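S.K.: Enclosed is the structure file start.txt (compact mmCIF, N, CA and C atoms).
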# COMPACT_ATOMS: atom_id res chain seq x y z
N MET A 1 -22.06 -9.45 -9.58
CA MET A 1 -21.37 -10.59 -8.98
C MET A 1 -22.35 -11.72 -8.65
N LYS A 2 -23.60 -11.38 -8.35
CA LYS A 2 -24.57 -12.42 -7.96
C LYS A 2 -24.66 -13.51 -9.02
N GLU A 3 -24.59 -13.13 -10.27
CA GLU A 3 -24.74 -14.10 -11.36
C GLU A 3 -23.46 -14.90 -11.57
N GLN A 4 -22.32 -14.35 -11.19
CA GLN A 4 -21.05 -15.01 -11.47
C GLN A 4 -20.54 -15.90 -10.34
N LEU A 5 -20.87 -15.58 -9.10
CA LEU A 5 -20.36 -16.35 -7.96
C LEU A 5 -21.34 -17.46 -7.60
N LYS A 6 -21.04 -18.65 -8.08
CA LYS A 6 -21.92 -19.80 -7.85
C LYS A 6 -21.29 -20.82 -6.89
N HIS A 7 -20.02 -20.62 -6.54
CA HIS A 7 -19.30 -21.56 -5.69
C HIS A 7 -18.58 -20.80 -4.58
N THR A 8 -18.11 -21.53 -3.59
CA THR A 8 -17.32 -20.95 -2.51
C THR A 8 -16.17 -20.14 -3.11
N PHE A 9 -15.89 -18.97 -2.52
CA PHE A 9 -14.84 -18.10 -3.05
C PHE A 9 -14.04 -17.46 -1.93
N PHE A 10 -12.86 -16.97 -2.29
CA PHE A 10 -11.96 -16.30 -1.35
C PHE A 10 -12.01 -14.80 -1.60
N VAL A 11 -11.90 -14.03 -0.51
CA VAL A 11 -11.76 -12.57 -0.58
C VAL A 11 -10.52 -12.22 0.22
N SER A 12 -9.70 -11.32 -0.32
CA SER A 12 -8.46 -10.95 0.36
C SER A 12 -8.22 -9.45 0.27
N ASN A 13 -7.81 -8.87 1.38
CA ASN A 13 -7.30 -7.50 1.33
C ASN A 13 -6.02 -7.53 0.50
N CYS A 14 -5.71 -6.44 -0.15
CA CYS A 14 -4.56 -6.42 -1.04
C CYS A 14 -3.24 -6.15 -0.32
N ASP A 15 -3.28 -5.85 0.97
CA ASP A 15 -2.05 -5.49 1.67
C ASP A 15 -1.61 -6.52 2.71
N VAL A 16 -1.98 -7.79 2.48
CA VAL A 16 -1.62 -8.83 3.44
C VAL A 16 -0.88 -9.96 2.74
N LEU A 17 -0.06 -10.63 3.52
CA LEU A 17 0.66 -11.82 3.07
C LEU A 17 0.40 -12.89 4.11
N LEU A 18 -0.12 -14.02 3.66
CA LEU A 18 -0.49 -15.09 4.58
C LEU A 18 0.14 -16.38 4.11
N ASP A 19 0.94 -16.98 4.97
CA ASP A 19 1.63 -18.22 4.66
C ASP A 19 0.88 -19.37 5.33
N ILE A 20 -0.14 -19.88 4.63
CA ILE A 20 -0.95 -20.98 5.16
C ILE A 20 -1.29 -21.95 4.03
N ASP A 21 -1.87 -23.06 4.39
CA ASP A 21 -2.36 -24.04 3.42
C ASP A 21 -3.81 -23.66 3.10
N TYR A 22 -4.02 -23.07 1.93
CA TYR A 22 -5.35 -22.60 1.56
C TYR A 22 -6.33 -23.76 1.35
N PHE A 23 -5.83 -24.92 0.96
CA PHE A 23 -6.70 -26.08 0.85
C PHE A 23 -7.25 -26.45 2.22
N GLU A 24 -6.41 -26.42 3.25
CA GLU A 24 -6.86 -26.71 4.62
C GLU A 24 -7.87 -25.67 5.10
N LEU A 25 -7.65 -24.42 4.76
CA LEU A 25 -8.60 -23.36 5.10
C LEU A 25 -9.95 -23.64 4.45
N LEU A 26 -9.95 -23.97 3.18
CA LEU A 26 -11.20 -24.28 2.47
C LEU A 26 -11.88 -25.49 3.09
N ARG A 27 -11.11 -26.51 3.41
CA ARG A 27 -11.67 -27.72 4.02
C ARG A 27 -12.30 -27.40 5.37
N PHE A 28 -11.63 -26.59 6.20
CA PHE A 28 -12.16 -26.15 7.49
C PHE A 28 -13.49 -25.42 7.30
N HIS A 29 -13.52 -24.51 6.34
CA HIS A 29 -14.73 -23.74 6.03
C HIS A 29 -15.89 -24.67 5.67
N GLN A 30 -15.62 -25.63 4.84
CA GLN A 30 -16.66 -26.55 4.38
C GLN A 30 -17.11 -27.50 5.49
N ILE A 31 -16.18 -28.04 6.24
CA ILE A 31 -16.52 -28.96 7.34
C ILE A 31 -17.40 -28.26 8.37
N ASN A 32 -17.09 -26.99 8.66
CA ASN A 32 -17.84 -26.24 9.67
C ASN A 32 -19.10 -25.59 9.11
N GLN A 33 -19.32 -25.72 7.81
CA GLN A 33 -20.50 -25.20 7.13
C GLN A 33 -20.74 -23.72 7.43
N ASN A 34 -19.64 -22.94 7.41
CA ASN A 34 -19.74 -21.50 7.61
C ASN A 34 -20.18 -20.82 6.32
N GLU A 35 -20.87 -19.71 6.46
CA GLU A 35 -21.13 -18.88 5.28
C GLU A 35 -19.94 -17.96 5.04
N ILE A 36 -19.30 -17.54 6.14
CA ILE A 36 -18.05 -16.80 6.07
C ILE A 36 -17.09 -17.41 7.08
N THR A 37 -15.87 -17.62 6.65
CA THR A 37 -14.78 -17.97 7.57
C THR A 37 -13.74 -16.89 7.44
N VAL A 38 -13.42 -16.27 8.56
CA VAL A 38 -12.39 -15.23 8.56
C VAL A 38 -11.12 -15.83 9.17
N VAL A 39 -10.00 -15.61 8.51
CA VAL A 39 -8.72 -16.07 9.04
C VAL A 39 -8.30 -15.06 10.11
N THR A 40 -8.02 -15.58 11.30
CA THR A 40 -7.64 -14.72 12.42
C THR A 40 -6.23 -15.05 12.90
N SER A 41 -5.62 -14.08 13.56
CA SER A 41 -4.30 -14.28 14.14
C SER A 41 -4.27 -13.59 15.50
N LEU A 42 -3.67 -14.26 16.46
CA LEU A 42 -3.56 -13.69 17.80
C LEU A 42 -2.57 -12.55 17.79
N LYS A 43 -2.97 -11.42 18.33
CA LYS A 43 -2.10 -10.23 18.39
C LYS A 43 -1.99 -9.81 19.84
N HIS A 44 -0.76 -9.66 20.29
CA HIS A 44 -0.46 -9.24 21.65
C HIS A 44 -0.25 -7.72 21.63
N VAL A 45 -1.00 -7.01 22.48
CA VAL A 45 -0.91 -5.55 22.53
C VAL A 45 -0.51 -5.13 23.94
N GLN A 46 0.58 -4.39 24.03
CA GLN A 46 1.05 -3.87 25.31
C GLN A 46 0.68 -2.39 25.39
N ILE A 47 -0.13 -2.02 26.38
CA ILE A 47 -0.50 -0.62 26.59
C ILE A 47 0.64 0.01 27.41
N PRO A 48 1.22 1.09 26.94
CA PRO A 48 2.39 1.65 27.63
C PRO A 48 2.04 2.55 28.83
N TYR A 49 0.80 2.59 29.23
CA TYR A 49 0.36 3.47 30.32
C TYR A 49 -0.48 2.70 31.33
N GLY A 50 -0.67 3.29 32.47
CA GLY A 50 -1.61 2.74 33.43
C GLY A 50 -3.02 3.00 32.92
N VAL A 51 -3.87 1.99 32.99
CA VAL A 51 -5.24 2.10 32.49
C VAL A 51 -6.18 2.13 33.69
N ILE A 52 -7.08 3.11 33.67
CA ILE A 52 -8.02 3.29 34.77
C ILE A 52 -9.43 3.07 34.26
N GLU A 53 -10.17 2.20 34.95
CA GLU A 53 -11.58 2.00 34.64
C GLU A 53 -12.40 2.78 35.66
N LEU A 54 -13.33 3.59 35.14
CA LEU A 54 -14.13 4.46 36.00
C LEU A 54 -15.59 4.05 35.99
N GLU A 55 -16.27 4.38 37.08
CA GLU A 55 -17.72 4.29 37.08
C GLU A 55 -18.24 5.72 37.06
N GLU A 56 -19.56 5.86 36.98
CA GLU A 56 -20.15 7.20 36.94
C GLU A 56 -19.73 8.01 38.16
N GLY A 57 -19.50 9.28 37.95
CA GLY A 57 -19.09 10.16 39.05
C GLY A 57 -17.59 10.18 39.25
N GLY A 58 -16.84 9.45 38.44
CA GLY A 58 -15.39 9.49 38.50
C GLY A 58 -14.75 8.55 39.51
N LYS A 59 -15.53 7.69 40.14
CA LYS A 59 -14.95 6.74 41.08
C LYS A 59 -14.16 5.68 40.32
N ILE A 60 -12.94 5.42 40.78
CA ILE A 60 -12.09 4.42 40.14
C ILE A 60 -12.55 3.02 40.54
N LEU A 61 -12.79 2.21 39.54
CA LEU A 61 -13.16 0.81 39.77
C LEU A 61 -11.93 -0.08 39.79
N LYS A 62 -11.00 0.21 38.89
CA LYS A 62 -9.85 -0.66 38.73
C LYS A 62 -8.70 0.09 38.08
N LEU A 63 -7.50 -0.24 38.47
CA LEU A 63 -6.29 0.33 37.87
C LEU A 63 -5.39 -0.82 37.45
N SER A 64 -4.95 -0.78 36.21
CA SER A 64 -4.03 -1.79 35.70
C SER A 64 -2.80 -1.06 35.18
N GLU A 65 -1.64 -1.42 35.66
CA GLU A 65 -0.40 -0.78 35.21
C GLU A 65 0.12 -1.47 33.96
N LYS A 66 0.16 -0.72 32.87
CA LYS A 66 0.66 -1.20 31.59
C LYS A 66 0.14 -2.60 31.24
N PRO A 67 -1.18 -2.71 31.12
CA PRO A 67 -1.75 -4.04 30.86
C PRO A 67 -1.36 -4.59 29.49
N SER A 68 -1.35 -5.87 29.42
CA SER A 68 -1.05 -6.60 28.21
C SER A 68 -2.34 -7.31 27.79
N LEU A 69 -2.74 -7.13 26.54
CA LEU A 69 -3.99 -7.69 26.06
C LEU A 69 -3.74 -8.57 24.84
N ASN A 70 -4.55 -9.59 24.67
CA ASN A 70 -4.48 -10.46 23.50
C ASN A 70 -5.81 -10.38 22.76
N TYR A 71 -5.71 -10.23 21.45
CA TYR A 71 -6.90 -10.14 20.61
C TYR A 71 -6.75 -11.07 19.42
N ASN A 72 -7.86 -11.62 18.96
CA ASN A 72 -7.90 -12.32 17.69
C ASN A 72 -8.18 -11.28 16.62
N MET A 73 -7.21 -11.07 15.75
CA MET A 73 -7.32 -10.04 14.72
C MET A 73 -7.74 -10.67 13.39
N SER A 74 -8.53 -9.94 12.64
CA SER A 74 -8.84 -10.36 11.28
C SER A 74 -7.61 -10.12 10.41
N THR A 75 -7.21 -11.13 9.65
CA THR A 75 -6.05 -10.98 8.77
C THR A 75 -6.42 -10.33 7.43
N GLY A 76 -7.72 -10.22 7.17
CA GLY A 76 -8.15 -9.67 5.88
C GLY A 76 -8.31 -10.74 4.81
N ILE A 77 -8.33 -12.01 5.23
CA ILE A 77 -8.56 -13.12 4.30
C ILE A 77 -9.85 -13.82 4.73
N TYR A 78 -10.74 -14.06 3.76
CA TYR A 78 -12.05 -14.63 4.05
C TYR A 78 -12.40 -15.71 3.03
N VAL A 79 -13.13 -16.72 3.49
CA VAL A 79 -13.73 -17.70 2.60
C VAL A 79 -15.24 -17.48 2.74
N MET A 80 -15.94 -17.41 1.59
CA MET A 80 -17.35 -17.06 1.62
C MET A 80 -18.17 -17.95 0.70
N GLU A 81 -19.42 -18.06 1.07
CA GLU A 81 -20.39 -18.77 0.24
C GLU A 81 -21.16 -17.75 -0.61
N PRO A 82 -21.60 -18.15 -1.79
CA PRO A 82 -22.36 -17.23 -2.65
C PRO A 82 -23.60 -16.65 -1.97
N SER A 83 -24.15 -17.35 -0.98
CA SER A 83 -25.35 -16.87 -0.29
C SER A 83 -25.15 -15.52 0.38
N VAL A 84 -23.91 -15.16 0.71
CA VAL A 84 -23.69 -13.89 1.41
C VAL A 84 -23.86 -12.69 0.50
N ILE A 85 -23.74 -12.90 -0.80
CA ILE A 85 -23.85 -11.80 -1.76
C ILE A 85 -25.20 -11.10 -1.63
N ASN A 86 -26.25 -11.85 -1.37
CA ASN A 86 -27.58 -11.26 -1.23
C ASN A 86 -27.71 -10.36 -0.01
N SER A 87 -26.77 -10.46 0.93
CA SER A 87 -26.82 -9.63 2.14
C SER A 87 -26.03 -8.33 1.99
N ILE A 88 -25.43 -8.12 0.83
CA ILE A 88 -24.65 -6.91 0.58
C ILE A 88 -25.51 -5.92 -0.19
N PRO A 89 -25.73 -4.73 0.37
CA PRO A 89 -26.52 -3.73 -0.35
C PRO A 89 -25.83 -3.30 -1.65
N GLN A 90 -26.62 -3.05 -2.66
CA GLN A 90 -26.05 -2.63 -3.94
C GLN A 90 -25.75 -1.14 -3.96
N ASN A 91 -24.70 -0.80 -4.69
CA ASN A 91 -24.34 0.59 -4.98
C ASN A 91 -24.07 1.45 -3.75
N GLN A 92 -23.50 0.84 -2.72
CA GLN A 92 -23.10 1.62 -1.55
C GLN A 92 -21.94 0.92 -0.85
N MET A 93 -21.19 1.71 -0.10
CA MET A 93 -20.07 1.17 0.67
C MET A 93 -20.61 0.25 1.77
N PHE A 94 -20.01 -0.91 1.89
CA PHE A 94 -20.44 -1.88 2.90
C PHE A 94 -19.21 -2.66 3.34
N HIS A 95 -18.76 -2.42 4.55
CA HIS A 95 -17.54 -3.04 5.07
C HIS A 95 -17.74 -4.52 5.36
N MET A 96 -16.65 -5.26 5.31
CA MET A 96 -16.69 -6.68 5.63
C MET A 96 -17.21 -6.90 7.05
N THR A 97 -16.82 -6.04 7.97
CA THR A 97 -17.31 -6.17 9.35
C THR A 97 -18.82 -5.97 9.41
N ASP A 98 -19.35 -5.08 8.58
CA ASP A 98 -20.80 -4.88 8.52
C ASP A 98 -21.49 -6.15 8.03
N LEU A 99 -20.90 -6.77 7.02
CA LEU A 99 -21.48 -8.01 6.48
C LEU A 99 -21.46 -9.11 7.54
N MET A 100 -20.34 -9.27 8.21
CA MET A 100 -20.25 -10.33 9.22
C MET A 100 -21.21 -10.06 10.38
N ASN A 101 -21.29 -8.81 10.82
CA ASN A 101 -22.22 -8.47 11.90
C ASN A 101 -23.68 -8.69 11.49
N LYS A 102 -23.99 -8.40 10.24
CA LYS A 102 -25.36 -8.64 9.74
C LYS A 102 -25.68 -10.13 9.78
N LEU A 103 -24.76 -10.96 9.31
CA LEU A 103 -24.98 -12.40 9.33
C LEU A 103 -25.09 -12.91 10.76
N LEU A 104 -24.25 -12.41 11.66
CA LEU A 104 -24.31 -12.83 13.06
C LEU A 104 -25.64 -12.46 13.69
N ALA A 105 -26.13 -11.26 13.38
CA ALA A 105 -27.42 -10.81 13.91
C ALA A 105 -28.57 -11.69 13.40
N GLU A 106 -28.38 -12.24 12.22
CA GLU A 106 -29.38 -13.14 11.63
C GLU A 106 -29.15 -14.60 12.04
N LYS A 107 -28.21 -14.81 12.97
CA LYS A 107 -27.89 -16.16 13.48
C LYS A 107 -27.36 -17.10 12.38
N ARG A 108 -26.65 -16.52 11.42
CA ARG A 108 -26.03 -17.31 10.37
C ARG A 108 -24.59 -17.64 10.77
N LYS A 109 -23.98 -18.64 10.14
CA LYS A 109 -22.68 -19.15 10.58
C LYS A 109 -21.51 -18.34 10.04
N VAL A 110 -20.82 -17.69 10.96
CA VAL A 110 -19.58 -16.98 10.67
C VAL A 110 -18.54 -17.59 11.61
N GLY A 111 -17.47 -18.10 11.05
CA GLY A 111 -16.47 -18.78 11.86
C GLY A 111 -15.10 -18.17 11.69
N ALA A 112 -14.20 -18.60 12.57
CA ALA A 112 -12.81 -18.12 12.54
C ALA A 112 -11.87 -19.29 12.31
N TYR A 113 -10.84 -19.04 11.53
CA TYR A 113 -9.77 -20.00 11.29
C TYR A 113 -8.50 -19.37 11.82
N PRO A 114 -8.09 -19.74 13.04
CA PRO A 114 -6.91 -19.10 13.64
C PRO A 114 -5.60 -19.63 13.05
N VAL A 115 -4.66 -18.71 12.85
CA VAL A 115 -3.32 -19.07 12.37
C VAL A 115 -2.29 -18.45 13.31
N MET A 116 -1.08 -18.95 13.23
CA MET A 116 0.01 -18.40 14.04
C MET A 116 0.31 -16.97 13.60
N SER A 117 0.68 -16.13 14.54
CA SER A 117 0.95 -14.73 14.21
C SER A 117 2.08 -14.58 13.20
N LYS A 118 3.04 -15.50 13.21
CA LYS A 118 4.16 -15.41 12.26
C LYS A 118 3.73 -15.75 10.83
N SER A 119 2.53 -16.33 10.66
CA SER A 119 2.03 -16.68 9.33
C SER A 119 1.41 -15.50 8.60
N TRP A 120 1.15 -14.42 9.33
CA TRP A 120 0.41 -13.28 8.77
C TRP A 120 1.26 -12.02 8.80
N GLN A 121 1.33 -11.34 7.68
CA GLN A 121 1.98 -10.03 7.62
C GLN A 121 1.04 -9.04 6.95
N ASP A 122 1.00 -7.86 7.50
CA ASP A 122 0.16 -6.78 6.99
C ASP A 122 1.06 -5.59 6.71
N MET A 123 0.92 -4.98 5.57
CA MET A 123 1.80 -3.84 5.27
C MET A 123 1.09 -2.51 5.43
N GLY A 124 0.21 -2.44 6.41
CA GLY A 124 -0.51 -1.20 6.68
C GLY A 124 0.38 -0.09 7.23
N GLU A 125 1.56 -0.45 7.71
CA GLU A 125 2.53 0.53 8.21
C GLU A 125 3.84 0.34 7.46
N LEU A 126 4.63 1.40 7.35
CA LEU A 126 5.87 1.36 6.58
C LEU A 126 6.83 0.28 7.08
N SER A 127 7.00 0.16 8.40
CA SER A 127 7.91 -0.85 8.94
C SER A 127 7.42 -2.26 8.61
N ALA A 128 6.12 -2.46 8.65
CA ALA A 128 5.55 -3.76 8.31
C ALA A 128 5.73 -4.05 6.83
N MET A 129 5.62 -3.03 6.00
CA MET A 129 5.81 -3.21 4.57
C MET A 129 7.25 -3.62 4.27
N ARG A 130 8.20 -3.03 4.97
CA ARG A 130 9.61 -3.41 4.79
C ARG A 130 9.84 -4.87 5.18
N ARG A 131 9.23 -5.31 6.29
CA ARG A 131 9.36 -6.71 6.71
C ARG A 131 8.75 -7.64 5.66
N MET A 132 7.61 -7.23 5.08
CA MET A 132 6.97 -8.05 4.06
C MET A 132 7.85 -8.17 2.83
N ILE A 133 8.46 -7.08 2.42
CA ILE A 133 9.35 -7.09 1.26
C ILE A 133 10.52 -8.03 1.53
N ASP A 134 11.09 -7.97 2.72
CA ASP A 134 12.20 -8.88 3.09
C ASP A 134 11.73 -10.33 3.02
N THR A 135 10.55 -10.61 3.50
CA THR A 135 10.02 -11.97 3.48
C THR A 135 9.87 -12.47 2.05
N ILE A 136 9.32 -11.64 1.18
CA ILE A 136 9.13 -12.03 -0.21
C ILE A 136 10.46 -12.26 -0.90
N GLN A 137 11.44 -11.41 -0.61
CA GLN A 137 12.76 -11.56 -1.23
C GLN A 137 13.47 -12.82 -0.76
N ASP A 138 13.16 -13.28 0.45
CA ASP A 138 13.77 -14.50 0.99
C ASP A 138 13.13 -15.76 0.46
N MET A 139 12.01 -15.64 -0.25
CA MET A 139 11.30 -16.84 -0.74
C MET A 139 12.02 -17.47 -1.90
What is this file in structure tokens?
M.R.:
Amino acid sequence: MKEQLKHTFFVSNCDVLLDIDYFELLRFHQINQNEITVVTSLKHVQIPYGVIELEEGGKILKLSEKPSLNYNMSTGIYVMEPSVINSIPQNQMFHMTDLMNKLLAEKRKVGAYPVMSKSWQDMGELSAMRRMIDTIQDM
């Protein structure tokens, strides 16, 4: 791939559907001069239990009843510069998160392009796959 990738390129997980303007994503990536831009989406997670934070010895520091948390999730869509290819070890498994963490540790530019949660669908679960199929059929 090192010889073939000479320009900015997109990488996508095969199980996602993203309804965005890819030209705007590319423009954002270029304006911010990122080596990797990951498309993110805000995900709201409701924990159905009381959560207890402990310190050593079992003393309770804090109790939260059914806390609600918000996270920026990776959608599995990335814009990358050819320079990142040299940071990927050859002939071994290397996750995208490993690549991004390596670049971050080297103080290289990795940025996020946030999108609305309704713009992103992932079919990692059967119910999500059914929703994705319905979305595609409605197009």
S.K.: For the atom pair atom C of Gly111 (chain A) and CA of Leu5 (chain A), what is the interatomic distance in Å to one decimal place?
M.R.: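 For atom C of Gly111 (chain A) relative to CA of Leu5 (chain A), the distance reads 20.4 Å.
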S.K.: Atom N of Val45 (chain A) and atom C of Val79 (chain A), how far apart in Å?
M.R.: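 If I compute the distance from atom C of Val79 (chain A) to atom N of Val45 (chain A), I get 26.5 Å.
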S.K.: Tell me which protein, DNA and RNA residues are within 12 Å of Gln33 (chain A), counting only C-alpha atoms, leaving out same-chain ones fewer than 3 positions away, and put them as number ranges by chain.
M.R.: A: 8, 26-30, 36-37, 79-81, 108-112
S.K.: Can you list every residue in region 11-134 of chain A that DSSP puts in alpha helix (DSSP H), as a PyMOL selection string?
M.R.: chain A and resi 22-31+96-105+126-134
S.K.: Could you work out how far CA of Ser68 (chain A) lies from atom C of Asn101 (chain A), giving the answer in Å with one decimal?
M.R.: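 About the pair atom C of Asn101 (chain A) and CA of Ser68 (chain A): they are 28.2 Å apart.
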S.K.: Name all residues at most 7 Å from Leu17 (chain A) (count only N, CA and C atoms; drop same-chain ones fewer than 3 positions away) and give them as a PDB file with N, CA and C atoms, in the frame of the given file.
M.R.:
ATOM      1  N   CYS A  14      -5.710  -6.440  -0.150  1.00  0.00           N
ATOM      2  CA  CYS A  14      -4.560  -6.420  -1.040  1.00  0.00           C
ATOM      3  C   CYS A  14      -3.240  -6.150  -0.320  1.00  0.00           C
ATOM      4  N   SER A 119       2.530 -16.330  10.660  1.00  0.00           N
ATOM      5  CA  SER A 119       2.030 -16.680   9.330  1.00  0.00           C
ATOM      6  C   SER A 119       1.410 -15.500   8.600  1.00  0.00           C
ATOM      7  N   TRP A 120       1.150 -14.420   9.330  1.00  0.00           N
ATOM      8  CA  TRP A 120       0.410 -13.280   8.770  1.00  0.00           C
ATOM      9  C   TRP A 120       1.260 -12.020   8.800  1.00  0.00           C
ATOM     10  N   GLN A 121       1.330 -11.340   7.680  1.00  0.00           N
ATOM     11  CA  GLN A 121       1.980 -10.030   7.620  1.00  0.00           C
ATOM     12  C   GLN A 121       1.040  -9.040   6.950  1.00  0.00           C
ATOM     13  N   ASP A 122       1.000  -7.860   7.500  1.00  0.00           N
ATOM     14  CA  ASP A 122       0.160  -6.780   6.990  1.00  0.00           C
ATOM     15  C   ASP A 122       1.060  -5.590   6.710  1.00  0.00           C
ATOM     16  N   MET A 123       0.920  -4.980   5.570  1.00  0.00           N
ATOM     17  CA  MET A 123       1.800  -3.840   5.270  1.00  0.00           C
ATOM     18  C   MET A 123       1.090  -2.510   5.430  1.00  0.00           C
TER      19      MET A 123
END
S.K.: Please identify the strand (DSSP E or B) residues within region 25-102 of chain A (assignment by DSSP from backbone atoms) and present them as JSON, numbers by chain.
M.R.: {"A": [36, 37, 38, 39, 40, 41, 42, 43, 44, 45, 46, 50, 51, 52, 53, 54, 60, 61, 62, 63, 64, 65, 68, 69, 70, 71, 72, 73, 74, 75, 76, 77, 78, 79, 80]}
S.K.: Specify the axis-aligned box that encloses all atoms of region 74-85 of chain A listed in the file after padding of 4 Å on each side, stating its centre and edge lengths in Å to one decimal as AutoDock Vina command-line options.
M.R.:
--center_x -15.7 --center_y -14.2 --center_z 5.0 --size_x 27.3 --size_y 17.1 --size_z 23.3
S.K.: Name the closest residue to Asn13 (chain A) among the candidates A:Leu103, A:Ile77, A:Ile52, A:Met116; distances are taken between atoms, counting all atoms listed in the file.
M.R.: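 Closest residue, counting all atoms listed in the file: A:Ile77.
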S.K.: Pick the closest to Leu69 (chain A) from A:Met96, A:Ile47, A:Val39, A:Val16: which is it, counting all atoms listed in the file?
M.R.: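 For Leu69 (chain A), the nearest of the given residues is A:Ile47.
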S.K.: Taking all atoms listed in the file into account, which of A:Glu24, A:Tyr71, A:His7, A:Ser117 comes nearest Ser83 (chain A)?
M.R.: A:His7
S.K.: Let me make sure I understand: among A:Met73, A:Leu42, A:Met100, A:Leu25, which one has the smallest atom-to-atom distance to Phe9 (chain A) if we use only C-alpha atoms?
M.R.: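 Looking at the shortest contact to Phe9 (chain A), the residue is A:Leu25.
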S.K.: Calculated over only N, CA and C atoms, which of the candidates A:Asp21, A:Asn70, A:Tyr113, A:Lys107 has the smallest distance to His44 (chain A)?
M.R.: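 Comparing A:Asp21, A:Asn70, A:Tyr113, A:Lys107 against His44 (chain A), the winner is A:Asn70.
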S.K.: Return the single residue from A:Ser74, A:Arg130, A:Ile20, A:Ala105 that is closest to Lys43 (chain A), with distances computed using only C-alpha atoms.
M.R.: A:Ser74
